[in-house]
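Some notes on the structure that comes next.
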Amino acid sequence: MADDAKVKQGVDEATVAAARALESDKYDAGFETEIEQEFAPKGLSEDTVRFISDKKGEPEWLLEWRLAAYRKWLTMQEPTWAMVDYPTIDYQDAYYYAAPKGEAKYESLDDVPPEILETYKKLGIPLREAEVLLGVEGAAETAAEVRESDSPRIAVDAVFDSVSVATTFQKELKQAGVIFMSISEAVHEHPELVKKYLGSVVPQSDNFFATLNCAVFSDGTFVYIPPGVRCPMELSTYFRMNAKGTGQFERTLIIADKGSYVSYLEGCTAPMRDENQLHAAVVELVALEDAEIKYSTVQNWWPGDAEGKGGVYNFVTKRGDCRERGAKISWTQVETGSAVTWKYPSCILRGDDTVGEFYSIAVTNGKQQADTGTKMIHLGKNTKSRIISKGVSAGKSNQTYRGLVSVGAKAKGSRNFTQCDSLLIGQTCGAHTVPYIENKRADAQLEHEATTTKLSDDQLFYCRQRGLGEEAAVALLVNGFVRDVIQKLPMEFAVEAQKLLEVSLEGSVG
Amino acid sequence: MLVLKDLVARVENEDGEGKEIIKGLSLEVPAGEVHAIMGPNGAGKSTLSYLLTGRDGYTPISGTAELNGENLFELDPEERAAKGVFLSFQYPLEIPGVPVMTFVRTAMNAQRKTRGEDEISAPEFLKKAREVAKLLKIDADMLKRPLNVGFSGGEKKRLEIFQMLMLEPKFLILDETDSGLDIDALRIVSDGVNALRSDERGMLVITHYQRLLDHIKPDRVHVLANGRIVASGGPELALRLEKEGYDGVLAEAAA
Amino acid sequence: MPDVIDKIDPGVARFAEILSKFGEDPRRQRAFDAFASVGIPHRRVENWRWSDIRAGLKSIDGAAPVAVPADPFADVLGAVFRFSDKGFQPPAKRPAGVQYYSKSDAPAFASAEELPMGALAAALADDPAAVVIEIAAPLAEPIRLVFDGQSDRFHHVAIILREGAQATILESCLSGGGFANAVIEYTLEKGASAERLVMQSGGASTVQLHTAKVALAADARFSQTVYATGSKLCRVETRLVHEGSHSEAILNGAYLLGDGYHCDFTSHVRHADEDCKTEQAVKGAALAGGKGAFQGKFYVKRGAQRTDANMQHNALLLEDGAEINAKPELEIYADDVACAHGNTCGALDADQLFYLRQRGIPEAEAKALLTRSFVADAFAEISDEALQELFLDAAHAWLTEVR
């Protein structure tokens, strides 16, 4: 906080003071796991790309695809239009591949190094519990027990730095015909699907960061839901950046075939480091006729310390394609981490009667910068989209909602509703809204509303008069502010998200 | 006057999905009579009013609706209005920026033009408006404000009756005109409607409750349920409904 | 959302040639350089994505001019300052409380980098290089500025309202052909009050850029209403700064666009001091082949507490084939503010339309009535009833004639 900035009396003063104290110890996920790692040579060249491809034993077509992307990337420029400011990234000063030493993929959880399992346990990821269910002979009883207990059943794919270390619930998913595995495995086991859909939503030359990802992506998750199948459980990937000086470039590809449904959760954490780590992921979703994909993210990458030192650069391209009639894609995100965020989960509403949704909560604090939003591209008839974005800025952070709603000439009867609300806490942060609305249809109905406000002194006083402590009052009001979106999260995730907000607020608002 | 024969009609939502709401409805309202249509929620009461006035999305599938021998379904909404069909809306629309007086005069002259009549002169119109406003206890100031914008539910209903008295339609459809009215407003509105009763006019009063019929006495009462007229009778039928509820009467009708 | 500036721009040379006739002139050169660094804007330049000047100029190149549209303010009383392709023509009689100066040397244009096309107008304005109008007292009658012509022209006007002064300024922005580019600088001193009413009308083969830069000192009040029917390519841009506290701005307007017409309302409001207020209501409607754009930005500087700013843009696409684009933007660095924006885009309300038809009003008339009332909100802040009526009549005439 700038010393010359006026601090208002009373409640605000204390709130703002607390906002200054973004201390590293508030970041619960900031530990590092000691484990032996294998790295690709530092820097980026065709050799790096070949190294990664070779490590994964990839087929020739994929190597060529990567190399084509790499060559394209060399001709591209880093985008500058976002309202974020960070030092120039030296792409030669990073590792593009790091893997825990040993097998690239573990046969069972028993083979996973205990340090990694410990890491996930610390983060509250239910791997150990899942282990019981995973292929262990005679574990049916235990499994039944777990099933009857209240604990949520979530199949998890855990990605540790560059590689997937464990995927749970394989057996049950297989029975339903669901394919849920790391993308490296999928390349070998389901090459026809990967070849057909990889890059079909986010093309190789889409943007600087996505193209980089095409060249060097290390691992990620592959999901295929066959026609008519309602995926029997939530699928989840947990990303963990651990190795020092390593970029993470995972790639997720989810295909929901005709009439299927899947709910997918994504969580991210990284250790606290003084340096900046680069994360440039690509997520592609394909929903075929009447299929529905619900994609939820809780992003808690290390945001850097109060002085803006360290933290993850989160440059992510996420896009869903409602490719056929009646498809629906819903993005929900809770963004509390990363030093710099550049992320616009989008929907291409190609089929008639398709639906796209974007629900977002972003909390920035300290010196965090986030430029995030969505694009809803209406191409088919009677397509509908809905955008609810809630931004909370505190400390010296800056946050921008940037969005596009576009209605093409053939998108008869399209509808969009957009609401983006910003909440400012303290006088040293910024909240910005940059929506683009493009309409070529007379029968489209597009509505956009945006407000910017601060926490109301009256409301705070009212809560405190009723006996709430100041921190609790702020937390309560902020929770109320983001409630619409929290409700869109799957139950288990909502609890986690709420906890995460509380922690962020503890350190950031009061 | 109004003759409905074996009407079957569908309601379409925005997505073009249709649902049959009127399922074989026959009804005759001779000139000079007031008929009440009562029925439980979802019976198709409002659908009937929109069907007769030609709202988009309300599509006749079979059967006929004739006003003085003329097929209503062949006419645009404004042509039906010019023929004298007036609907008092259950939820009157707000039209920002268009003052009540401007609106009514535009409507009146449009109807006259369609009928091949001369426009009303400004002094004549003003005189008439003043008289009607007085009868309905409407403040002159209200007539200068944009139509229904910021008006209470009661005021909106009163303005519907104001328009009705100004336009002097031949056939009146009152859709839940009593909803949202207090006792005094109900009396004023009813007086307005009763002032229009004459041998040349027919009226269809759609209501859920009997109380409006204490003020606007019907000649016949019909019970609409599930898209059909299931019972008809004199004013005593409405009183029975009030006492026994729809369930009793419907059960009897089904038996 | 790309932001690529194409540096190689042959179109710039055409204007450099005009500049060369003024000889060595550092002020003109600086303004010109600001323009040249951007070049002639096209759709890949972020701030011009919906107003491709490069394509617009190309398309009118060699096109025959048409008659200059009639001036809707012609019958309004007030001294007329006329700016046309035939030079500047001052009023026959200097109105009381008003001084004006024709500048033969180009004055500096301070906002050159923020308004590159305005800078181009300032760099090339000729005969005279600029006209300064100074208003020192409350004026009894409006002042009229008439911009018209049929060939390329550049104008630079500065209007200064001294402390406590009050004036209504009527701008007629009319064009029968060519590239009309005018920049007007409004400076309102403490407590001054200006009402700016703009009527834009142009042929389908003219490019019009009408840019205003407005600076408000403490307690100043600026109320603007624009009515535009567009041209081949038309941009009405306002860049306003609340420099002193408790200043107030209204930036209303309406555009109605027929086939082959384009209009872009762009505004940027900077709240640089405490307790300032901005209200903006822009309405638009387009027929098939009409293209409308609205780009509004509210910027709230750190420390500009209690800023109260509200932006609304509502547009109607009256037929398929119409196109409306909008970008309502907020950039806020102070917490104790109430800032909001809203944008709607669509067809007339079907329920309202049915209601009018049920009362016997034919469909076309019902649509015109609803559109007129829709647009009327944008004229609500015009203080003089007769002038307000003039705006409503202009819109009504368009709705009955063009439709």
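Numbering starts fresh at 1 for the residues of each chain in the structure tokens, the chains themselves are lettered A, B, ... in the order given, and ligands are numbered from 1 as they appear.
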
Using only C-alpha atoms, which residues sit within 7 Å of Tyr91 in chain A once same-chain residues fewer than 2 positions away are excluded, as a CSV table (one decimal) with N, CA, C and O atoms, in the first residue's frame?
```csv
chain,number,residue,atom,x,y,z
A,43,GLY,N,16.1,-24.7,-21.5
A,43,GLY,CA,16.0,-23.9,-22.7
A,43,GLY,C,15.0,-24.6,-23.7
A,43,GLY,O,14.6,-25.7,-23.5
A,44,LEU,N,14.8,-23.8,-24.8
A,44,LEU,CA,13.8,-24.3,-25.7
A,44,LEU,C,14.4,-24.3,-27.1
A,44,LEU,O,14.9,-23.3,-27.6
A,89,ILE,N,9.8,-12.4,-20.2
A,89,ILE,CA,10.1,-13.8,-19.9
A,89,ILE,C,11.2,-14.3,-20.8
A,89,ILE,O,11.1,-14.1,-22.0
A,93,ASP,N,15.4,-19.6,-20.3
A,93,ASP,CA,15.9,-19.8,-18.9
A,93,ASP,C,14.9,-20.7,-18.1
A,93,ASP,O,14.7,-20.4,-17.0
A,94,ALA,N,14.3,-21.6,-18.8
A,94,ALA,CA,13.4,-22.5,-18.0
A,94,ALA,C,13.6,-23.9,-18.5
A,94,ALA,O,14.1,-24.2,-19.6
```

Exercise answer, chain B residues close to chain C, 8 Å and only C-alpha atoms, as a ChimeraX atom specification: /B:53,55,77-82,86-87,93-98,106-108,110-111

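By chain and then residue number, the residues within 7 Å of Asn325 in chain C are Ile437, Glu438 and Asn439 of chain A; Gly292, Ala293 and Phe294 of chain C, counting only C-alpha atoms and disregarding those fewer than 6 positions away in sequence.
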
Output C-alpha atoms for every residue in that selection, as a PDB file, in the first residue's frame.
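File written: part_38.pdb
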```pdb
ATOM      1  CA  ILE A 437     -20.546  -7.086 -27.553  1.00  0.00           C
ATOM      2  CA  GLU A 438     -20.935  -7.787 -31.263  1.00  0.00           C
ATOM      3  CA  ASN A 439     -24.358  -8.467 -32.706  1.00  0.00           C
TER       4      ASN A 439
ATOM      5  CA  GLY C 292     -23.606   1.114 -35.166  1.00  0.00           C
ATOM      6  CA  ALA C 293     -20.864   1.105 -32.577  1.00  0.00           C
ATOM      7  CA  PHE C 294     -20.569   2.348 -29.032  1.00  0.00           C
TER       8      PHE C 294
END
```

Would you give me, as a PDB file with N, CA and C atoms, in the first residue's frame, the residues of chain A that come within 8 Å of chain C, using only C-alpha atoms?
```pdb
ATOM      1  N   ALA A   5      -1.177   7.146   0.393  1.00  0.00           N
ATOM      2  CA  ALA A   5      -2.609   6.937   0.205  1.00  0.00           C
ATOM      3  C   ALA A   5      -3.332   7.192   1.517  1.00  0.00           C
ATOM      4  N   PRO A  79       1.399 -11.657 -26.499  1.00  0.00           N
ATOM      5  CA  PRO A  79       0.349 -10.630 -26.533  1.00  0.00           C
ATOM      6  C   PRO A  79       0.567  -9.559 -25.459  1.00  0.00           C
ATOM      7  N   THR A  80       0.159  -8.326 -25.786  1.00  0.00           N
ATOM      8  CA  THR A  80       0.384  -7.221 -24.843  1.00  0.00           C
ATOM      9  C   THR A  80      -0.905  -6.500 -24.491  1.00  0.00           C
ATOM     10  N   TRP A  81      -2.029  -6.958 -25.046  1.00  0.00           N
ATOM     11  CA  TRP A  81      -3.258  -6.198 -24.848  1.00  0.00           C
ATOM     12  C   TRP A  81      -3.873  -6.365 -23.476  1.00  0.00           C
ATOM     13  N   ALA A 409     -24.202 -13.851 -38.014  1.00  0.00           N
ATOM     14  CA  ALA A 409     -25.358 -13.556 -38.859  1.00  0.00           C
ATOM     15  C   ALA A 409     -26.336 -14.729 -38.946  1.00  0.00           C
ATOM     16  N   LEU A 424     -14.188  -3.617  -4.550  1.00  0.00           N
ATOM     17  CA  LEU A 424     -12.858  -3.120  -4.217  1.00  0.00           C
ATOM     18  C   LEU A 424     -12.720  -3.040  -2.702  1.00  0.00           C
ATOM     19  N   ILE A 425     -11.584  -3.511  -2.219  1.00  0.00           N
ATOM     20  CA  ILE A 425     -11.322  -3.434  -0.788  1.00  0.00           C
ATOM     21  C   ILE A 425     -10.035  -2.637  -0.608  1.00  0.00           C
ATOM     22  N   GLY A 426     -10.162  -1.423  -0.118  1.00  0.00           N
ATOM     23  CA  GLY A 426      -9.007  -0.546   0.026  1.00  0.00           C
ATOM     24  C   GLY A 426      -8.822   0.333  -1.192  1.00  0.00           C
ATOM     25  N   GLN A 427      -7.966   1.340  -1.025  1.00  0.00           N
ATOM     26  CA  GLN A 427      -7.851   2.360  -2.070  1.00  0.00           C
ATOM     27  C   GLN A 427      -6.649   2.165  -2.986  1.00  0.00           C
ATOM     28  N   THR A 428      -5.984   1.029  -2.882  1.00  0.00           N
ATOM     29  CA  THR A 428      -4.775   0.880  -3.688  1.00  0.00           C
ATOM     30  C   THR A 428      -4.903  -0.211  -4.738  1.00  0.00           C
ATOM     31  N   CYS A 429      -6.111  -0.726  -4.907  1.00  0.00           N
ATOM     32  CA  CYS A 429      -6.290  -1.771  -5.904  1.00  0.00           C
ATOM     33  C   CYS A 429      -7.051  -1.218  -7.104  1.00  0.00           C
ATOM     34  N   GLY A 430      -7.227  -2.034  -8.109  1.00  0.00           N
ATOM     35  CA  GLY A 430      -7.952  -1.597  -9.295  1.00  0.00           C
ATOM     36  C   GLY A 430      -8.912  -2.678  -9.766  1.00  0.00           C
ATOM     37  N   ALA A 431     -10.038  -2.244 -10.326  1.00  0.00           N
ATOM     38  CA  ALA A 431     -11.006  -3.195 -10.869  1.00  0.00           C
ATOM     39  C   ALA A 431     -11.493  -2.668 -12.199  1.00  0.00           C
ATOM     40  N   HIS A 432     -11.384  -3.493 -13.225  1.00  0.00           N
ATOM     41  CA  HIS A 432     -11.653  -3.011 -14.577  1.00  0.00           C
ATOM     42  C   HIS A 432     -12.587  -3.968 -15.321  1.00  0.00           C
ATOM     43  N   THR A 433     -13.328  -3.419 -16.223  1.00  0.00           N
ATOM     44  CA  THR A 433     -14.284  -4.219 -16.970  1.00  0.00           C
ATOM     45  C   THR A 433     -14.175  -3.865 -18.450  1.00  0.00           C
ATOM     46  N   VAL A 434     -13.887  -4.835 -19.272  1.00  0.00           N
ATOM     47  CA  VAL A 434     -13.737  -4.578 -20.706  1.00  0.00           C
ATOM     48  C   VAL A 434     -14.561  -5.584 -21.511  1.00  0.00           C
ATOM     49  N   PRO A 435     -15.839  -5.350 -21.620  1.00  0.00           N
ATOM     50  CA  PRO A 435     -16.654  -6.288 -22.390  1.00  0.00           C
ATOM     51  C   PRO A 435     -16.797  -5.858 -23.842  1.00  0.00           C
ATOM     52  N   TYR A 436     -16.805  -6.801 -24.735  1.00  0.00           N
ATOM     53  CA  TYR A 436     -17.078  -6.533 -26.147  1.00  0.00           C
ATOM     54  C   TYR A 436     -18.388  -7.222 -26.496  1.00  0.00           C
ATOM     55  N   ILE A 437     -19.275  -6.496 -27.150  1.00  0.00           N
ATOM     56  CA  ILE A 437     -20.546  -7.086 -27.553  1.00  0.00           C
ATOM     57  C   ILE A 437     -20.706  -6.852 -29.049  1.00  0.00           C
ATOM     58  N   GLU A 438     -20.806  -7.920 -29.806  1.00  0.00           N
ATOM     59  CA  GLU A 438     -20.935  -7.787 -31.263  1.00  0.00           C
ATOM     60  C   GLU A 438     -22.170  -8.543 -31.720  1.00  0.00           C
ATOM     61  N   ASN A 439     -23.090  -7.832 -32.368  1.00  0.00           N
ATOM     62  CA  ASN A 439     -24.358  -8.467 -32.706  1.00  0.00           C
ATOM     63  C   ASN A 439     -24.747  -8.226 -34.157  1.00  0.00           C
ATOM     64  N   LYS A 440     -25.055  -9.308 -34.838  1.00  0.00           N
ATOM     65  CA  LYS A 440     -25.515  -9.187 -36.225  1.00  0.00           C
ATOM     66  C   LYS A 440     -26.909  -9.753 -36.415  1.00  0.00           C
ATOM     67  N   ARG A 441     -27.646  -9.973 -35.343  1.00  0.00           N
ATOM     68  CA  ARG A 441     -28.984 -10.535 -35.481  1.00  0.00           C
ATOM     69  C   ARG A 441     -30.013  -9.651 -34.794  1.00  0.00           C
ATOM     70  N   ALA A 442     -31.080  -9.327 -35.535  1.00  0.00           N
ATOM     71  CA  ALA A 442     -32.134  -8.503 -34.954  1.00  0.00           C
ATOM     72  C   ALA A 442     -32.910  -9.266 -33.892  1.00  0.00           C
ATOM     73  N   ASP A 443     -32.966 -10.589 -34.019  1.00  0.00           N
ATOM     74  CA  ASP A 443     -33.762 -11.346 -33.056  1.00  0.00           C
ATOM     75  C   ASP A 443     -32.934 -11.861 -31.878  1.00  0.00           C
ATOM     76  N   ALA A 444     -31.711 -11.373 -31.754  1.00  0.00           N
ATOM     77  CA  ALA A 444     -30.904 -11.746 -30.589  1.00  0.00           C
ATOM     78  C   ALA A 444     -31.260 -10.813 -29.431  1.00  0.00           C
ATOM     79  N   GLN A 445     -31.155 -11.313 -28.232  1.00  0.00           N
ATOM     80  CA  GLN A 445     -31.350 -10.461 -27.060  1.00  0.00           C
ATOM     81  C   GLN A 445     -30.097 -10.552 -26.198  1.00  0.00           C
ATOM     82  N   LEU A 446     -29.394  -9.447 -26.090  1.00  0.00           N
ATOM     83  CA  LEU A 446     -28.155  -9.449 -25.331  1.00  0.00           C
ATOM     84  C   LEU A 446     -28.264  -8.420 -24.209  1.00  0.00           C
ATOM     85  N   GLU A 447     -27.948  -8.855 -23.026  1.00  0.00           N
ATOM     86  CA  GLU A 447     -28.005  -7.948 -21.890  1.00  0.00           C
ATOM     87  C   GLU A 447     -26.704  -8.004 -21.124  1.00  0.00           C
ATOM     88  N   HIS A 448     -26.208  -6.858 -20.776  1.00  0.00           N
ATOM     89  CA  HIS A 448     -24.959  -6.798 -20.021  1.00  0.00           C
ATOM     90  C   HIS A 448     -25.121  -5.816 -18.867  1.00  0.00           C
ATOM     91  N   GLU A 449     -24.745  -6.248 -17.696  1.00  0.00           N
ATOM     92  CA  GLU A 449     -24.781  -5.334 -16.553  1.00  0.00           C
ATOM     93  C   GLU A 449     -23.459  -5.425 -15.824  1.00  0.00           C
ATOM     94  N   ALA A 450     -23.001  -4.285 -15.328  1.00  0.00           N
ATOM     95  CA  ALA A 450     -21.783  -4.320 -14.538  1.00  0.00           C
ATOM     96  C   ALA A 450     -21.863  -3.274 -13.439  1.00  0.00           C
ATOM     97  N   THR A 451     -21.365  -3.629 -12.289  1.00  0.00           N
ATOM     98  CA  THR A 451     -21.311  -2.656 -11.207  1.00  0.00           C
ATOM     99  C   THR A 451     -19.947  -2.727 -10.541  1.00  0.00           C
ATOM    100  N   THR A 452     -19.547  -1.628  -9.959  1.00  0.00           N
ATOM    101  CA  THR A 452     -18.319  -1.601  -9.169  1.00  0.00           C
ATOM    102  C   THR A 452     -18.654  -0.928  -7.847  1.00  0.00           C
ATOM    103  N   THR A 453     -18.363  -1.604  -6.771  1.00  0.00           N
ATOM    104  CA  THR A 453     -18.691  -1.027  -5.466  1.00  0.00           C
ATOM    105  C   THR A 453     -17.617  -1.405  -4.461  1.00  0.00           C
ATOM    106  N   LYS A 454     -17.696  -0.789  -3.306  1.00  0.00           N
ATOM    107  CA  LYS A 454     -16.832  -1.228  -2.214  1.00  0.00           C
ATOM    108  C   LYS A 454     -17.713  -1.912  -1.189  1.00  0.00           C
TER     109      LYS A 454
END
```

At most 10 Å to chain B: residues in chain A, only C-alpha atoms, as number ranges by chain: A: 353, 382, 413

Using only C-alpha atoms, which protein or nucleic acid residues come within 10 Å of Glu46 in chain A? Drop anything in the same chain fewer than 5 positions from it, and give the result as a PDB file with N, CA, C and O atoms, in the first residue's frame.
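Contents of selection-v3.pdb, freshly written:
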```
ATOM      1  N   PHE A  51      13.178 -34.117 -27.434  1.00  0.00           N
ATOM      2  CA  PHE A  51      13.464 -34.790 -26.170  1.00  0.00           C
ATOM      3  C   PHE A  51      12.162 -35.200 -25.480  1.00  0.00           C
ATOM      4  O   PHE A  51      11.982 -36.327 -25.042  1.00  0.00           O
ATOM      5  N   ARG A  66       4.084 -31.273 -33.012  1.00  0.00           N
ATOM      6  CA  ARG A  66       4.768 -30.422 -32.032  1.00  0.00           C
ATOM      7  C   ARG A  66       5.764 -29.493 -32.726  1.00  0.00           C
ATOM      8  O   ARG A  66       5.834 -28.305 -32.421  1.00  0.00           O
ATOM      9  N   LEU A  67       6.514 -30.083 -33.655  1.00  0.00           N
ATOM     10  CA  LEU A  67       7.551 -29.285 -34.326  1.00  0.00           C
ATOM     11  C   LEU A  67       6.930 -28.169 -35.168  1.00  0.00           C
ATOM     12  O   LEU A  67       7.427 -27.038 -35.189  1.00  0.00           O
ATOM     13  N   ALA A  68       5.806 -28.489 -35.814  1.00  0.00           N
ATOM     14  CA  ALA A  68       5.126 -27.473 -36.613  1.00  0.00           C
ATOM     15  C   ALA A  68       4.693 -26.317 -35.711  1.00  0.00           C
ATOM     16  O   ALA A  68       4.835 -25.135 -36.064  1.00  0.00           O
ATOM     17  N   TYR A  70       6.072 -25.507 -32.843  1.00  0.00           N
ATOM     18  CA  TYR A  70       7.272 -24.800 -32.381  1.00  0.00           C
ATOM     19  C   TYR A  70       7.735 -23.790 -33.422  1.00  0.00           C
ATOM     20  O   TYR A  70       8.048 -22.644 -33.110  1.00  0.00           O
ATOM     21  N   ARG A  71       7.732 -24.204 -34.697  1.00  0.00           N
ATOM     22  CA  ARG A  71       8.186 -23.300 -35.760  1.00  0.00           C
ATOM     23  C   ARG A  71       7.240 -22.113 -35.894  1.00  0.00           C
ATOM     24  O   ARG A  71       7.657 -20.982 -36.103  1.00  0.00           O
ATOM     25  N   ALA A 215       3.821 -27.207 -28.657  1.00  0.00           N
ATOM     26  CA  ALA A 215       5.181 -27.675 -28.905  1.00  0.00           C
ATOM     27  C   ALA A 215       5.712 -28.498 -27.736  1.00  0.00           C
ATOM     28  O   ALA A 215       6.381 -29.500 -27.942  1.00  0.00           O
ATOM     29  N   VAL A 216       5.447 -28.103 -26.524  1.00  0.00           N
ATOM     30  CA  VAL A 216       6.153 -28.699 -25.375  1.00  0.00           C
ATOM     31  C   VAL A 216       5.260 -29.335 -24.327  1.00  0.00           C
ATOM     32  O   VAL A 216       5.729 -29.664 -23.243  1.00  0.00           O
TER      33      VAL A 216
END
```

Val146 in chain C environment, 10 Å, only C-alpha atoms, sequence neighbours closer than 2 positions dropped, as a count of residues only: 21

Which residue of B:Arg105, B:Lys170, B:Lys156, B:His215 approaches Val85 in chain B most closely, using only C-alpha atoms: B:Lys170

Length of the CA of Ile254 in chain A to CA of Phe315 in chain A vector [Å]: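 CA of Phe315 in chain A lies 19.7 Å from CA of Ile254 in chain A.
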
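With only C-alpha atoms taken into account, the protein and nucleic acid residues at most 9 Å from Glu381 in chain C (excluding it and anything under 2 positions from it in its own chain) are Ser223, Gln224, Thr225, Ile250, Asn252, Asp377, Ala378, Phe379, Ser383, Asp384 and Gln388 of chain C.
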
Take the residues that were just selected and, keeping N, CA and C atoms, output them as an mmCIF file, in the first residue's frame.
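out_7.cif, freshly written:
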```cif
data_model
loop_
_atom_site.group_PDB
_atom_site.id
_atom_site.type_symbol
_atom_site.label_atom_id
_atom_site.label_comp_id
_atom_site.auth_asym_id
_atom_site.auth_seq_id
_atom_site.Cartn_x
_atom_site.Cartn_y
_atom_site.Cartn_z
ATOM 1 N N SER C 223 -23.171 19.389 -20.320
ATOM 2 C CA SER C 223 -24.266 18.502 -20.703
ATOM 3 C C SER C 223 -24.310 18.376 -22.217
ATOM 4 N N GLN C 224 -24.081 17.181 -22.693
ATOM 5 C CA GLN C 224 -23.978 16.969 -24.139
ATOM 6 C C GLN C 224 -25.069 16.022 -24.634
ATOM 7 N N THR C 225 -25.690 16.387 -25.742
ATOM 8 C CA THR C 225 -26.623 15.476 -26.401
ATOM 9 C C THR C 225 -26.318 15.472 -27.899
ATOM 10 N N ILE C 250 -22.822 15.114 -18.525
ATOM 11 C CA ILE C 250 -23.847 14.270 -19.126
ATOM 12 C C ILE C 250 -23.416 14.035 -20.572
ATOM 13 N N ASN C 252 -25.087 12.216 -23.431
ATOM 14 C CA ASN C 252 -26.175 11.447 -24.022
ATOM 15 C C ASN C 252 -26.115 11.494 -25.543
ATOM 16 N N ASP C 377 -35.463 8.892 -24.569
ATOM 17 C CA ASP C 377 -34.690 8.958 -23.316
ATOM 18 C C ASP C 377 -33.356 9.674 -23.494
ATOM 19 N N ALA C 378 -32.764 9.497 -24.677
ATOM 20 C CA ALA C 378 -31.446 10.087 -24.915
ATOM 21 C C ALA C 378 -31.522 11.605 -24.998
ATOM 22 N N PHE C 379 -32.734 12.141 -25.223
ATOM 23 C CA PHE C 379 -32.874 13.592 -25.364
ATOM 24 C C PHE C 379 -33.430 14.237 -24.096
ATOM 25 N N SER C 383 -32.140 20.994 -22.019
ATOM 26 C CA SER C 383 -32.834 21.847 -21.047
ATOM 27 C C SER C 383 -33.939 22.671 -21.704
ATOM 28 N N ASP C 384 -33.738 23.053 -22.959
ATOM 29 C CA ASP C 384 -34.728 23.891 -23.619
ATOM 30 C C ASP C 384 -35.771 23.015 -24.316
ATOM 31 N N GLN C 388 -35.413 20.427 -27.440
ATOM 32 C CA GLN C 388 -35.691 19.011 -27.232
ATOM 33 C C GLN C 388 -36.683 18.512 -28.288
#
```

Polymer residues at most 8 Å from range 124-137 of chain B, only C-alpha atoms, same-chain spacing of 2 or more positions, as a ChimeraX atom specification: /B:105,120-122,139-140,158,162,165-166,188-189,192

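Nearest residue to Tyr97 in chain A, choosing from A:Cys347, A:Val84, A:Leu423, A:Ala40 and counting only C-alpha atoms: A:Ala40.
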
Residues of range 286-380 of chain C in strand (DSSP E), written as a ChimeraX atom specification: /C:286,291-300,308-317,323-332,338-346
